[in-house]
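Participant: What follows is target_7.cif, made up of mmCIF, C-alpha atoms:
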data_data
loop_
_atom_site.label_atom_id
_atom_site.label_comp_id
_atom_site.auth_asym_id
_atom_site.auth_seq_id
_atom_site.Cartn_x
_atom_site.Cartn_y
_atom_site.Cartn_z
CA MET G 154 6.56 -44.74 -39.09
CA ILE G 155 5.42 -44.53 -42.69
CA ASP G 156 5.93 -47.52 -44.95
CA THR G 157 7.23 -46.33 -48.30
CA VAL G 158 6.88 -48.35 -51.49
CA GLU G 159 8.85 -47.47 -54.59
CA VAL G 160 6.43 -48.29 -57.39
CA LYS G 161 7.31 -48.63 -61.05
CA GLU G 162 5.28 -47.86 -64.11
CA ALA G 163 4.19 -50.96 -65.99
CA ILE G 164 5.39 -50.89 -69.57
CA LEU G 165 4.01 -54.09 -71.02
CA THR G 166 0.74 -54.68 -69.18
CA ASP G 167 -2.61 -53.48 -70.45
CA ASN G 168 -3.60 -50.80 -67.94
CA GLY G 169 -7.32 -51.23 -68.65
CA ILE G 170 -7.26 -54.94 -67.84
CA GLU G 171 -5.13 -54.37 -64.75
CA GLY G 172 -7.47 -51.59 -63.58
CA ALA G 173 -10.51 -53.85 -63.91
CA LYS G 174 -8.72 -56.54 -61.87
CA VAL G 175 -7.89 -54.10 -59.07
CA ARG G 176 -11.49 -52.86 -59.01
CA LYS G 177 -12.92 -56.39 -58.88
CA SER G 178 -10.57 -57.44 -56.10
CA MET G 179 -11.42 -54.38 -53.98
CA GLU G 180 -15.14 -54.88 -54.58
CA GLU G 181 -14.83 -58.47 -53.41
CA LYS G 182 -13.16 -57.22 -50.23
CA GLY G 183 -16.02 -54.69 -49.79
CA ILE G 184 -13.56 -51.78 -49.82
CA TYR G 185 -14.40 -48.60 -51.68
CA LEU G 186 -11.39 -47.29 -53.60
CA LEU G 187 -11.37 -43.59 -54.48
CA ASN G 188 -8.89 -41.93 -56.85
CA LEU G 189 -8.30 -38.37 -55.61
CA MET G 190 -6.71 -36.09 -58.18
CA GLY G 191 -5.94 -32.40 -58.62
CA SER G 192 -3.29 -29.74 -59.24
CA PRO G 193 -0.35 -29.22 -56.89
CA GLY G 194 -1.64 -27.22 -53.95
CA ALA G 195 -5.35 -27.60 -54.71
CA GLY G 196 -5.82 -28.98 -51.20
CA LYS G 197 -6.06 -32.76 -51.67
CA THR G 198 -4.24 -33.50 -48.43
CA SER G 199 -6.21 -30.91 -46.45
CA VAL G 200 -9.48 -32.41 -47.70
CA LEU G 201 -8.20 -35.86 -46.69
CA VAL G 202 -7.31 -34.68 -43.20
CA LYS G 203 -10.77 -33.11 -42.69
CA THR G 204 -12.43 -36.26 -44.03
CA ILE G 205 -10.46 -38.55 -41.75
CA GLU G 206 -11.07 -36.36 -38.71
CA ALA G 207 -14.82 -36.22 -39.40
CA LEU G 208 -15.39 -39.89 -40.23
CA LYS G 209 -12.80 -41.81 -38.25
CA GLY G 210 -15.22 -43.01 -35.58
CA GLU G 211 -17.59 -44.45 -38.19
CA MET G 212 -15.56 -45.44 -41.22
CA ASN G 213 -12.15 -47.11 -41.33
CA ILE G 214 -10.08 -45.12 -43.79
CA GLY G 215 -6.78 -46.00 -45.38
CA VAL G 216 -4.77 -43.60 -47.50
CA MET G 217 -2.17 -44.30 -50.16
CA GLU G 218 -0.19 -41.14 -50.85
CA ALA G 219 1.48 -41.01 -54.25
CA ASP G 220 4.30 -38.57 -54.69
CA VAL G 221 7.30 -38.19 -56.89
CA ASP G 222 9.26 -37.80 -53.67
CA SER G 223 8.86 -36.98 -49.94
CA THR G 224 6.64 -38.55 -47.27
CA VAL G 225 5.16 -35.27 -46.03
CA ASP G 226 1.56 -36.10 -46.92
CA ALA G 227 1.53 -39.66 -45.59
CA GLU G 228 2.80 -38.42 -42.23
CA THR G 229 0.11 -35.73 -42.15
CA VAL G 230 -2.79 -38.11 -42.84
CA GLU G 231 -1.43 -40.69 -40.40
CA LYS G 232 -1.41 -38.04 -37.70
CA ALA G 233 -5.05 -37.27 -38.54
CA GLY G 234 -5.90 -40.87 -37.72
CA ALA G 235 -5.81 -42.93 -40.92
CA ARG G 236 -3.72 -45.93 -41.83
CA ALA G 237 -1.28 -44.55 -44.42
CA ILE G 238 1.29 -45.74 -46.89
CA GLN G 239 3.55 -43.72 -49.15
CA LEU G 240 4.02 -44.58 -52.81
CA HIS G 241 7.03 -43.09 -54.55
CA THR G 242 6.53 -42.98 -58.29
CA GLY G 243 10.22 -42.55 -59.08
CA GLY G 244 9.66 -39.51 -61.26
CA ALA G 245 6.46 -40.76 -62.89
CA CYS G 246 3.78 -38.08 -63.12
CA HIS G 247 0.80 -40.34 -62.40
CA LEU G 248 -0.22 -43.68 -60.97
CA ASP G 249 -1.23 -46.57 -63.19
CA ALA G 250 -3.17 -49.67 -62.15
CA ALA G 251 -0.07 -51.83 -61.65
CA MET G 252 1.49 -49.24 -59.33
CA THR G 253 -1.75 -49.06 -57.38
CA ARG G 254 -1.90 -52.85 -57.06
CA GLU G 255 1.71 -52.90 -55.86
CA GLY G 256 0.79 -50.39 -53.17
CA LEU G 257 -2.38 -52.28 -52.18
CA ASP G 258 -0.41 -55.54 -51.95
CA ARG G 259 1.87 -53.91 -49.39
CA PHE G 260 -0.96 -52.20 -47.50
CA ASP G 261 -2.78 -53.72 -44.52
CA LEU G 262 -6.36 -53.62 -45.85
CA ASP G 263 -7.82 -55.60 -42.97
CA GLY G 264 -10.97 -53.95 -41.62
CA LEU G 265 -10.84 -50.96 -43.96
CA ASP G 266 -14.01 -49.52 -45.51
CA LEU G 267 -12.50 -46.88 -47.73
CA VAL G 268 -9.09 -46.46 -49.36
CA ILE G 269 -8.36 -43.05 -50.80
CA VAL G 270 -5.47 -42.84 -53.24
CA GLU G 271 -4.05 -39.35 -53.38
CA ASN G 272 -2.64 -39.25 -56.89
CA VAL G 273 0.36 -37.16 -57.98
CA GLY G 274 -0.54 -33.44 -58.09
CA ASN G 275 -1.10 -33.02 -61.79
CA LEU G 276 -4.15 -32.03 -63.83
CA VAL G 277 -3.01 -33.82 -66.99
CA CYS G 278 -1.47 -37.29 -66.79
CA PRO G 279 -3.37 -39.01 -63.93
CA ALA G 280 -6.59 -38.60 -65.94
CA GLU G 281 -5.29 -41.04 -68.55
CA PHE G 282 -5.00 -44.01 -66.21
CA ASP G 283 -7.72 -46.16 -64.71
CA ILE G 284 -6.08 -47.19 -61.43
CA GLY G 285 -8.96 -49.52 -60.54
CA ALA G 286 -10.88 -47.07 -58.36
CA GLU G 287 -14.70 -47.06 -58.07
CA LYS G 288 -14.80 -43.32 -58.62
CA ARG G 289 -12.56 -40.42 -59.54
CA ALA G 290 -12.73 -37.24 -57.47
CA ILE G 291 -11.03 -33.95 -58.29
CA VAL G 292 -10.03 -31.43 -55.66
CA PHE G 293 -9.98 -28.19 -57.60
CA SER G 294 -9.43 -24.76 -56.03
CA VAL G 295 -10.72 -21.25 -56.56
CA PRO G 296 -7.28 -19.63 -57.17
CA GLU G 297 -6.73 -21.92 -60.19
CA GLY G 298 -9.41 -20.07 -62.17
CA ASP G 299 -12.80 -21.00 -63.62
CA ASP G 300 -11.44 -21.55 -67.15
CA LYS G 301 -9.43 -24.69 -66.36
CA PRO G 302 -11.95 -27.32 -67.59
CA LEU G 303 -11.34 -25.88 -71.07
CA LYS G 304 -7.58 -26.37 -70.79
CA TYR G 305 -7.44 -29.76 -69.03
CA PRO G 306 -10.31 -31.52 -70.81
CA LEU G 307 -9.63 -35.17 -69.99
CA MET G 308 -9.42 -34.65 -66.23
CA PHE G 309 -12.83 -32.98 -66.18
CA GLU G 310 -14.32 -35.49 -68.61
CA LYS G 311 -13.31 -38.42 -66.39
CA ALA G 312 -14.32 -36.91 -63.03
CA ASP G 313 -17.23 -38.36 -61.05
CA ILE G 314 -17.26 -35.53 -58.50
CA ILE G 315 -15.50 -32.16 -58.26
CA LEU G 316 -14.79 -30.44 -54.95
CA VAL G 317 -14.09 -26.74 -55.46
CA ASN G 318 -11.85 -25.92 -52.52
CA LYS G 319 -10.68 -22.64 -50.94
CA MET G 320 -14.17 -21.12 -51.12
CA ASP G 321 -13.18 -19.07 -48.05
CA THR G 322 -10.92 -17.02 -50.38
CA ILE G 323 -13.34 -16.55 -53.29
CA SER G 324 -13.79 -12.81 -52.73
CA TYR G 325 -10.09 -12.27 -53.48
CA PHE G 326 -10.19 -14.02 -56.84
CA ASP G 327 -12.02 -13.51 -60.10
CA PHE G 328 -13.78 -16.90 -59.96
CA ASP G 329 -17.36 -17.30 -61.15
CA MET G 330 -18.91 -20.57 -59.96
CA GLU G 331 -21.61 -20.56 -62.66
CA ARG G 332 -18.99 -20.06 -65.38
CA PHE G 333 -16.92 -22.87 -63.85
CA LYS G 334 -19.91 -25.23 -63.83
CA SER G 335 -20.76 -24.31 -67.39
CA ASN G 336 -17.15 -25.08 -68.41
CA VAL G 337 -17.32 -28.41 -66.57
CA ASN G 338 -20.51 -29.23 -68.48
CA LYS G 339 -18.71 -28.63 -71.78
CA ARG G 340 -16.36 -31.48 -70.86
CA ASN G 341 -18.63 -33.78 -68.89
CA ASP G 342 -22.26 -34.53 -69.70
CA ARG G 343 -22.93 -36.85 -66.73
CA ASN G 344 -24.30 -34.08 -64.51
CA ILE G 345 -21.71 -34.82 -61.81
CA PRO G 346 -21.77 -33.08 -58.42
CA VAL G 347 -19.67 -29.90 -58.28
CA ILE G 348 -19.42 -29.04 -54.58
CA PRO G 349 -18.07 -25.73 -53.23
CA ILE G 350 -16.02 -26.53 -50.13
CA SER G 351 -13.45 -25.12 -47.76
CA ALA G 352 -10.99 -27.42 -46.05
CA ILE G 353 -10.30 -24.50 -43.70
CA ASN G 354 -13.81 -23.85 -42.37
CA GLY G 355 -15.47 -27.14 -43.34
CA GLU G 356 -18.03 -25.64 -45.76
CA GLY G 357 -19.59 -28.22 -48.08
CA LEU G 358 -17.68 -31.24 -46.76
CA ASP G 359 -20.83 -32.96 -45.48
CA GLU G 360 -21.95 -33.32 -49.08
CA PHE G 361 -18.65 -35.03 -49.91
CA PHE G 362 -19.05 -37.36 -46.92
CA SER G 363 -22.56 -38.30 -48.16
CA PHE G 364 -21.03 -39.11 -51.55
CA LEU G 365 -18.57 -41.46 -49.81
CA TRP G 366 -21.26 -43.15 -47.67
CA GLU G 367 -23.49 -43.64 -50.71
CA GLY G 368 -20.58 -45.06 -52.70
CA LEU G 369 -19.63 -47.50 -49.95
CA SER G 370 -23.20 -48.61 -49.45
CA SER G 371 -23.81 -49.10 -53.17
CA LEU G 372 -20.56 -51.12 -53.50
CA ARG G 373 -21.62 -53.44 -50.70
CA ARG G 374 -25.03 -54.00 -52.27
CA LYS G 375 -23.37 -55.28 -55.46
CA MET Z 222 -6.59 -14.97 -85.89
CA ILE Z 223 -4.43 -17.44 -83.98
CA ASP Z 224 -2.36 -19.92 -85.92
CA THR Z 225 -2.63 -23.33 -84.27
CA VAL Z 226 -0.04 -26.06 -84.72
CA GLU Z 227 -0.75 -29.64 -83.69
CA VAL Z 228 2.62 -30.84 -82.44
CA LYS Z 229 3.57 -34.44 -81.80
CA GLU Z 230 5.94 -35.89 -79.29
CA ALA Z 231 9.13 -37.24 -80.81
CA ILE Z 232 9.61 -40.90 -80.00
CA LEU Z 233 12.90 -41.75 -81.63
CA THR Z 234 14.94 -38.55 -81.47
CA ASP Z 235 17.34 -37.75 -78.66
CA ASN Z 236 15.70 -34.83 -76.85
CA GLY Z 237 19.00 -33.54 -75.48
CA ILE Z 238 20.57 -33.28 -78.93
CA GLU Z 239 17.44 -31.69 -80.38
CA GLY Z 240 17.30 -29.20 -77.49
CA ALA Z 241 20.90 -28.14 -78.06
CA LYS Z 242 20.13 -27.61 -81.77
CA VAL Z 243 17.12 -25.42 -81.01
CA ARG Z 244 19.17 -23.36 -78.55
CA LYS Z 245 22.03 -22.87 -81.00
CA SER Z 246 19.70 -21.85 -83.79
CA MET Z 247 17.90 -19.29 -81.60
CA GLU Z 248 21.22 -17.91 -80.32
CA GLU Z 249 22.39 -17.45 -83.90
CA LYS Z 250 19.21 -15.49 -84.62
CA GLY Z 251 19.87 -13.38 -81.48
CA ILE Z 252 16.52 -14.39 -80.00
CA TYR Z 253 16.23 -15.19 -76.31
CA LEU Z 254 14.02 -18.28 -75.74
CA LEU Z 255 12.43 -18.63 -72.31
CA ASN Z 256 10.64 -21.78 -71.07
CA LEU Z 257 7.85 -20.66 -68.74
CA MET Z 258 6.48 -23.43 -66.55
CA GLY Z 259 4.14 -23.83 -63.57
CA SER Z 260 1.01 -25.45 -62.17
CA PRO Z 261 -2.41 -24.93 -63.73
CA GLY Z 262 -3.67 -21.57 -62.53
CA ALA Z 263 -0.36 -20.32 -61.11
CA GLY Z 264 -0.69 -17.25 -63.33
CA LYS Z 265 1.65 -17.91 -66.25
CA THR Z 266 -0.62 -16.17 -68.76
CA SER Z 267 -1.28 -13.20 -66.46
CA VAL Z 268 2.47 -12.73 -65.97
CA LEU Z 269 2.92 -12.88 -69.75
CA VAL Z 270 0.25 -10.26 -70.33
CA LYS Z 271 1.82 -7.87 -67.79
CA THR Z 272 5.26 -8.46 -69.32
CA ILE Z 273 4.05 -7.78 -72.85
CA GLU Z 274 2.17 -4.66 -71.80
CA ALA Z 275 5.19 -3.29 -69.95
CA LEU Z 276 7.86 -4.08 -72.52
CA LYS Z 277 6.14 -3.94 -75.89
CA GLY Z 278 7.52 -0.51 -76.85
CA GLU Z 279 11.10 -1.65 -76.22
CA MET Z 280 11.30 -5.40 -76.82
CA ASN Z 281 9.63 -7.43 -79.56
CA ILE Z 282 8.02 -10.39 -77.86
CA GLY Z 283 6.62 -13.55 -79.39
CA VAL Z 284 4.69 -16.14 -77.41
CA MET Z 285 4.16 -19.82 -78.12
CA GLU Z 286 1.28 -21.11 -76.02
CA ALA Z 287 1.30 -24.84 -75.39
CA ASP Z 288 -1.94 -26.42 -74.29
CA VAL Z 289 -3.51 -29.82 -74.40
CA ASP Z 290 -6.47 -28.08 -75.98
CA SER Z 291 -8.11 -24.61 -76.44
CA THR Z 292 -6.67 -21.35 -77.81
CA VAL Z 293 -7.75 -19.20 -74.86
CA ASP Z 294 -4.24 -18.17 -73.81
CA ALA Z 295 -2.89 -17.40 -77.28
CA GLU Z 296 -5.83 -15.07 -77.91
CA THR Z 297 -5.22 -13.34 -74.57
CA VAL Z 298 -1.53 -12.64 -75.18
CA GLU Z 299 -2.18 -11.56 -78.76
CA LYS Z 300 -4.65 -8.97 -77.48
CA ALA Z 301 -1.97 -7.75 -75.06
CA GLY Z 302 0.23 -6.97 -78.05
CA ALA Z 303 2.51 -9.94 -78.70
CA ARG Z 304 2.87 -12.13 -81.76
CA ALA Z 305 1.33 -15.44 -80.69
CA ILE Z 306 1.00 -18.99 -81.87
CA GLN Z 307 -0.87 -21.87 -80.28
CA LEU Z 308 0.68 -25.33 -79.93
CA HIS Z 309 -1.68 -28.20 -79.26
CA THR Z 310 0.13 -31.11 -77.68
CA GLY Z 311 -2.57 -33.65 -78.51
CA GLY Z 312 -2.87 -34.88 -74.95
CA ALA Z 313 0.86 -34.74 -74.15
CA CYS Z 314 1.58 -33.28 -70.72
CA HIS Z 315 4.70 -31.34 -71.70
CA LEU Z 316 6.66 -29.95 -74.63
CA ASP Z 317 9.81 -31.60 -75.88
CA ALA Z 318 12.49 -30.03 -78.09
CA ALA Z 319 11.06 -31.43 -81.33
CA MET Z 320 7.61 -30.01 -80.58
CA THR Z 321 9.20 -26.65 -79.80
CA ARG Z 322 11.15 -26.70 -83.05
CA GLU Z 323 7.98 -27.56 -84.99
CA GLY Z 324 6.29 -24.54 -83.42
CA LEU Z 325 9.27 -22.25 -84.08
CA ASP Z 326 9.39 -23.41 -87.72
CA ARG Z 327 5.81 -22.26 -88.14
CA PHE Z 328 6.29 -19.01 -86.22
CA ASP Z 329 7.28 -15.69 -87.81
CA LEU Z 330 10.45 -14.94 -85.83
CA ASP Z 331 11.44 -11.94 -87.91
CA GLY Z 332 12.41 -8.98 -85.72
CA LEU Z 333 11.69 -10.74 -82.42
CA ASP Z 334 13.97 -10.26 -79.40
CA LEU Z 335 12.31 -12.65 -76.99
CA VAL Z 336 10.18 -15.76 -77.45
CA ILE Z 337 8.43 -17.02 -74.35
CA VAL Z 338 7.11 -20.57 -74.49
CA GLU Z 339 4.26 -21.07 -72.04
CA ASN Z 340 4.53 -24.76 -71.32
CA VAL Z 341 1.62 -27.05 -70.37
CA GLY Z 342 0.40 -26.28 -66.83
CA ASN Z 343 2.09 -29.09 -64.93
CA LEU Z 344 4.70 -29.14 -62.17
CA VAL Z 345 6.03 -32.59 -63.04
CA CYS Z 346 6.59 -33.57 -66.67
CA PRO Z 347 7.78 -30.35 -68.36
CA ALA Z 348 10.80 -30.32 -66.02
CA GLU Z 349 12.13 -33.47 -67.70
CA PHE Z 350 12.53 -31.94 -71.14
CA ASP Z 351 15.10 -29.47 -72.40
CA ILE Z 352 13.10 -27.65 -75.08
CA GLY Z 353 16.13 -25.63 -76.19
CA ALA Z 354 15.43 -22.53 -74.11
CA GLU Z 355 18.18 -20.32 -72.67
CA LYS Z 356 16.52 -20.34 -69.26
CA ARG Z 357 13.70 -21.99 -67.39
CA ALA Z 358 11.33 -19.82 -65.36
CA ILE Z 359 8.66 -21.06 -62.97
CA VAL Z 360 5.56 -19.10 -62.15
CA PHE Z 361 4.59 -20.42 -58.75
CA SER Z 362 1.77 -19.03 -56.61
CA VAL Z 363 1.12 -18.44 -52.93
CA PRO Z 364 -2.07 -20.59 -52.73
CA GLU Z 365 -0.09 -23.67 -53.83
CA GLY Z 366 1.75 -23.77 -50.51
CA ASP Z 367 5.37 -23.33 -49.43
CA ASP Z 368 6.04 -27.10 -49.22
CA LYS Z 369 5.85 -27.77 -52.94
CA PRO Z 370 9.62 -27.77 -53.75
CA LEU Z 371 9.80 -30.90 -51.56
CA LYS Z 372 7.11 -32.67 -53.59
CA TYR Z 373 8.07 -31.60 -57.11
CA PRO Z 374 11.85 -31.80 -56.84
CA LEU Z 375 12.93 -31.83 -60.48
CA MET Z 376 10.99 -28.69 -61.44
CA PHE Z 377 12.67 -26.71 -58.67
CA GLU Z 378 16.07 -28.26 -59.35
CA LYS Z 379 15.96 -27.20 -62.99
CA ALA Z 380 14.58 -23.67 -62.49
CA ASP Z 381 16.74 -20.63 -63.25
CA ILE Z 382 14.26 -18.17 -61.73
CA ILE Z 383 11.09 -18.52 -59.67
CA LEU Z 384 8.33 -15.92 -59.64
CA VAL Z 385 6.08 -16.33 -56.60
CA ASN Z 386 2.79 -14.91 -57.84
CA LYS Z 387 -0.44 -13.83 -56.09
CA MET Z 388 1.49 -12.02 -53.34
CA ASP Z 389 -1.56 -9.72 -53.07
CA THR Z 390 -3.41 -12.66 -51.43
CA ILE Z 391 -0.66 -13.83 -49.05
CA SER Z 392 -2.50 -12.73 -45.90
CA TYR Z 393 -5.28 -15.24 -46.66
CA PHE Z 394 -2.95 -18.22 -46.92
CA ASP Z 395 -0.53 -19.98 -44.62
CA PHE Z 396 2.50 -19.28 -46.82
CA ASP Z 397 5.89 -18.48 -45.33
CA MET Z 398 8.29 -17.01 -47.89
CA GLU Z 399 11.40 -17.88 -45.86
CA ARG Z 400 10.25 -21.50 -45.54
CA PHE Z 401 9.54 -21.58 -49.28
CA LYS Z 402 13.02 -20.24 -50.09
CA SER Z 403 14.59 -22.72 -47.71
CA ASN Z 404 12.69 -25.55 -49.46
CA VAL Z 405 13.83 -24.23 -52.85
CA ASN Z 406 17.42 -24.28 -51.61
CA LYS Z 407 17.07 -27.95 -50.66
CA ARG Z 408 16.42 -28.70 -54.36
CA ASN Z 409 18.54 -26.08 -56.07
CA ASP Z 410 22.00 -24.95 -54.97
CA ARG Z 411 22.51 -22.33 -57.69
CA ASN Z 412 21.22 -19.44 -55.58
CA ILE Z 413 18.59 -18.58 -58.19
CA PRO Z 414 16.37 -15.50 -57.88
CA VAL Z 415 13.06 -16.14 -56.06
CA ILE Z 416 10.95 -13.04 -56.73
CA PRO Z 417 7.68 -12.27 -54.94
CA ILE Z 418 5.30 -10.79 -57.52
CA SER Z 419 1.68 -9.97 -58.18
CA ALA Z 420 0.35 -10.03 -61.72
CA ILE Z 421 -2.64 -8.08 -60.34
CA ASN Z 422 -0.85 -5.07 -58.85
CA GLY Z 423 2.50 -5.37 -60.63
CA GLU Z 424 4.61 -5.93 -57.48
CA GLY Z 425 8.06 -7.37 -58.24
CA LEU Z 426 7.67 -7.55 -62.01
CA ASP Z 427 10.44 -5.00 -62.66
CA GLU Z 428 12.90 -7.49 -61.24
CA PHE Z 429 11.64 -10.10 -63.73
CA PHE Z 430 11.97 -7.60 -66.57
CA SER Z 431 15.59 -6.92 -65.53
CA PHE Z 432 16.22 -10.67 -65.65
CA LEU Z 433 14.90 -10.72 -69.24
CA TRP Z 434 16.96 -7.68 -70.32
CA GLU Z 435 20.11 -9.15 -68.80
CA GLY Z 436 19.45 -12.49 -70.48
CA LEU Z 437 18.92 -10.90 -73.87
CA SER Z 438 21.99 -8.74 -73.55
CA SER Z 439 24.17 -11.64 -72.43
CA LEU Z 440 22.92 -13.80 -75.32
CA ARG Z 441 23.82 -11.12 -77.85
CA ARG Z 442 27.31 -10.72 -76.40
CA LYS Z 443 28.00 -14.42 -77.04
#
The structure given in the file should be rewritten as structure tokens.

Facilitator:
Amino acid sequence: MIDTVEVKEAILTDNGIEGAKVRKSMEEKGIYLLNLMGSPGAGKTSVLVKTIEALKGEMNIGVMEADVDSTVDAETVEKAGARAIQLHTGGACHLDAAMTREGLDRFDLDGLDLVIVENVGNLVCPAEFDIGAEKRAIVFSVPEGDDKPLKYPLMFEKADIILVNKMDTISYFDFDMERFKSNVNKRNDRNIPVIPISAINGEGLDEFFSFLWEGLSSLRRK
Amino acid sequence: MIDTVEVKEAILTDNGIEGAKVRKSMEEKGIYLLNLMGSPGAGKTSVLVKTIEALKGEMNIGVMEADVDSTVDAETVEKAGARAIQLHTGGACHLDAAMTREGLDRFDLDGLDLVIVENVGNLVCPAEFDIGAEKRAIVFSVPEGDDKPLKYPLMFEKADIILVNKMDTISYFDFDMERFKSNVNKRNDRNIPVIPISAINGEGLDEFFSFLWEGLSSLRRK
């Protein structure tokens, strides 16, 4: 049974301050918080399911699923073996830090190593809000086209890692990975990892898992 | 050379009133205004290009391209043979009626039959704003998945027509058209057309063109 929290956008709080508070509190608990963003249908939930299935013996994973409506994704990740909670944004197109804190307050964090927040499927608005995560990951997908970093600049500027999903279908689309990487570099000069993956056949996911292990380990050394 | 207009979101105007004004003014000019929405990479621009190429001898088409940044799409549709203008939303994730009016004021509407506004690629926010169009069309695509009407309810509730693009790739994805239509019907009880198309091979586009001709003809009978 999925617990569902109706979260509301904070109007009067300073999101930056609230984000820093969330981050500090999670760091003190030794829990790595990841903000997972991407377009509708890019494959965020499928990547989550594969991640949970691969790591569940070694890492305790919790998932907060943000959606305008429905509990489809929370049910899916719970079935895969993660502790899950559903956040309903009540029409809001993104999460902010206060909404994230509200969700975390209602979530049983005991014993967790990693909490992944699946943000609302949207390549624009979620980029504007620091929700208090350690890192921001984008699940992008081949069918969306290699030109998108030019059109959604902030999302690509803010990303710490980009997973390029649906690589198993690349021969059916006009997608050039080098052109995509070059477009990412126009928006982001931090030389972030851009990892070709397939949530269907598992290609490239080990590299993502290493990113998570490294992140968790570095957080706990702080 | 593409004319670019930096448009700003209206804070104090009533969007509903402004939308009705835009609609009335376009109806008086006998120009059919279509709001084209969809996720990043669903194929809005490709559908536009095919539409312009097919109809340009018979219908005078203007395109207003809304983007957070870049003029890529406006250049593409201009090359295809339409009059085009670029609207930069300055970070805003949608168009509102005032932004649309600002764009139309700067656009040469003389002799046009149809103006298509390609909204910001986003399945959430643009649904909330009446921009003054006669109809709202969604370009959706097979790789996004047949569950999306459940997760982005308002967009599907407000749609007057849905084009399901990238049908040429359907055998590579787990997409069930009947399930998709049934999910659409859960959000929208107006029995709207859901048309399988491919902007690559042209499948289904004639049905979309008929929708445009009918719309234009009905507007001019008003």

Participant: Could you list the residues chosen by the PyMOL selection byres ((chain Z) within 9 of (chain G)) in this structure as a PyMOL selection string?

Facilitator: chain Z and resi 260-264+288-293+312-314+341-346+364-366+368-369+371-375+389-390+393-394

Participant: Written as a PDB file with C-alpha atoms, keeping the file's coordinate frame, which residues does the PyMOL selection byres ((chain Z and resi 319) around 9) give for the file shown?

Facilitator:
ATOM      1  CA  VAL Z 228       2.620 -30.840 -82.440  1.00  0.00           C
ATOM      2  CA  LYS Z 229       3.570 -34.440 -81.800  1.00  0.00           C
ATOM      3  CA  GLU Z 230       5.940 -35.890 -79.290  1.00  0.00           C
ATOM      4  CA  ALA Z 231       9.130 -37.240 -80.810  1.00  0.00           C
ATOM      5  CA  THR Z 234      14.940 -38.550 -81.470  1.00  0.00           C
ATOM      6  CA  ASN Z 236      15.700 -34.830 -76.850  1.00  0.00           C
ATOM      7  CA  GLU Z 239      17.440 -31.690 -80.380  1.00  0.00           C
ATOM      8  CA  GLY Z 240      17.300 -29.200 -77.490  1.00  0.00           C
ATOM      9  CA  VAL Z 243      17.120 -25.420 -81.010  1.00  0.00           C
ATOM     10  CA  LEU Z 316       6.660 -29.950 -74.630  1.00  0.00           C
ATOM     11  CA  ASP Z 317       9.810 -31.600 -75.880  1.00  0.00           C
ATOM     12  CA  ALA Z 318      12.490 -30.030 -78.090  1.00  0.00           C
ATOM     13  CA  MET Z 320       7.610 -30.010 -80.580  1.00  0.00           C
ATOM     14  CA  THR Z 321       9.200 -26.650 -79.800  1.00  0.00           C
ATOM     15  CA  ARG Z 322      11.150 -26.700 -83.050  1.00  0.00           C
ATOM     16  CA  GLU Z 323       7.980 -27.560 -84.990  1.00  0.00           C
ATOM     17  CA  GLY Z 324       6.290 -24.540 -83.420  1.00  0.00           C
ATOM     18  CA  ILE Z 352      13.100 -27.650 -75.080  1.00  0.00           C
TER      19      ILE Z 352
END

Participant: I need the residue set behind the PyMOL selection byres ((chain Z and resi 338) around 6) for this file; please write it as a list in words.

Facilitator: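 So the PyMOL selection byres ((chain Z and resi 338) around 6), applied here, picks out Asn256, Leu257, Val284, Met285, Ile337, Glu339 and Asn340 of chain Z.
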
Participant: Figure out the distance between CA of Met212 (chain G) and CA of Leu265 (chain G), please, to one decimal in Å.

Facilitator: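 Taking CA of Leu265 (chain G) and CA of Met212 (chain G), their separation equals 7.8 Å.
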
Participant: Rounded to one decimal in Å, what is the spacing between CA of Glu227 (chain Z) and CA of Gly311 (chain Z)?

Facilitator: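 CA of Gly311 (chain Z) lies 6.8 Å from CA of Glu227 (chain Z).
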
Participant: Nearest to Val292 (chain G) among G:Ile323, G:Glu206, G:Val317, G:Lys174, with distances taken over all atoms listed in the file: which residue is it?

Facilitator: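 Of the candidates, the smallest distance to Val292 (chain G) is held by G:Val317.
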
Participant: Select, from G:Gly215, G:Pro279, G:Gly355, G:Gly183, the residue with the minimum atom-to-atom distance to Asn318 (chain G), counting all atoms listed in the file.

Facilitator: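 Checking each candidate against Asn318 (chain G), we get G:Gly355 as the closest.
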
Participant: To one decimal place in Å, what is the distance between CA of Phe361 (chain Z) and CA of Ala348 (chain Z)?

Facilitator: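 Between CA of Phe361 (chain Z) and CA of Ala348 (chain Z) the gap is 13.8 Å.
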
Participant: Which residue is closest to Ala290 (chain G)? Choose from G:Val202, G:Ala219, G:Leu186, G:Ile164 and count all atoms listed in the file.

Facilitator: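 Of G:Val202, G:Ala219, G:Leu186, G:Ile164, the one nearest Ala290 (chain G), counting all atoms listed in the file, is G:Leu186.
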
Participant: Identify, on the basis of all atoms listed in the file, every residue whose closest approach to Asn336 (chain G) does not exceed 7 Å; exclude the query and any residue fewer than 3 positions from it along the same chain; express the result as a list in words.

Facilitator: Asp300, Pro302, Leu303, Arg332, Phe333, Lys339 and Arg340 of chain G

Participant: Using all atoms listed in the file, which protein or nucleic acid residues come within 10 Å of Val336 (chain Z)? Drop anything in the same chain fewer than 4 positions from it, and give the result as an MDAnalysis selection string.

Facilitator: chainID Z and resid 247 252:256 281:285 303:305 325 330 354
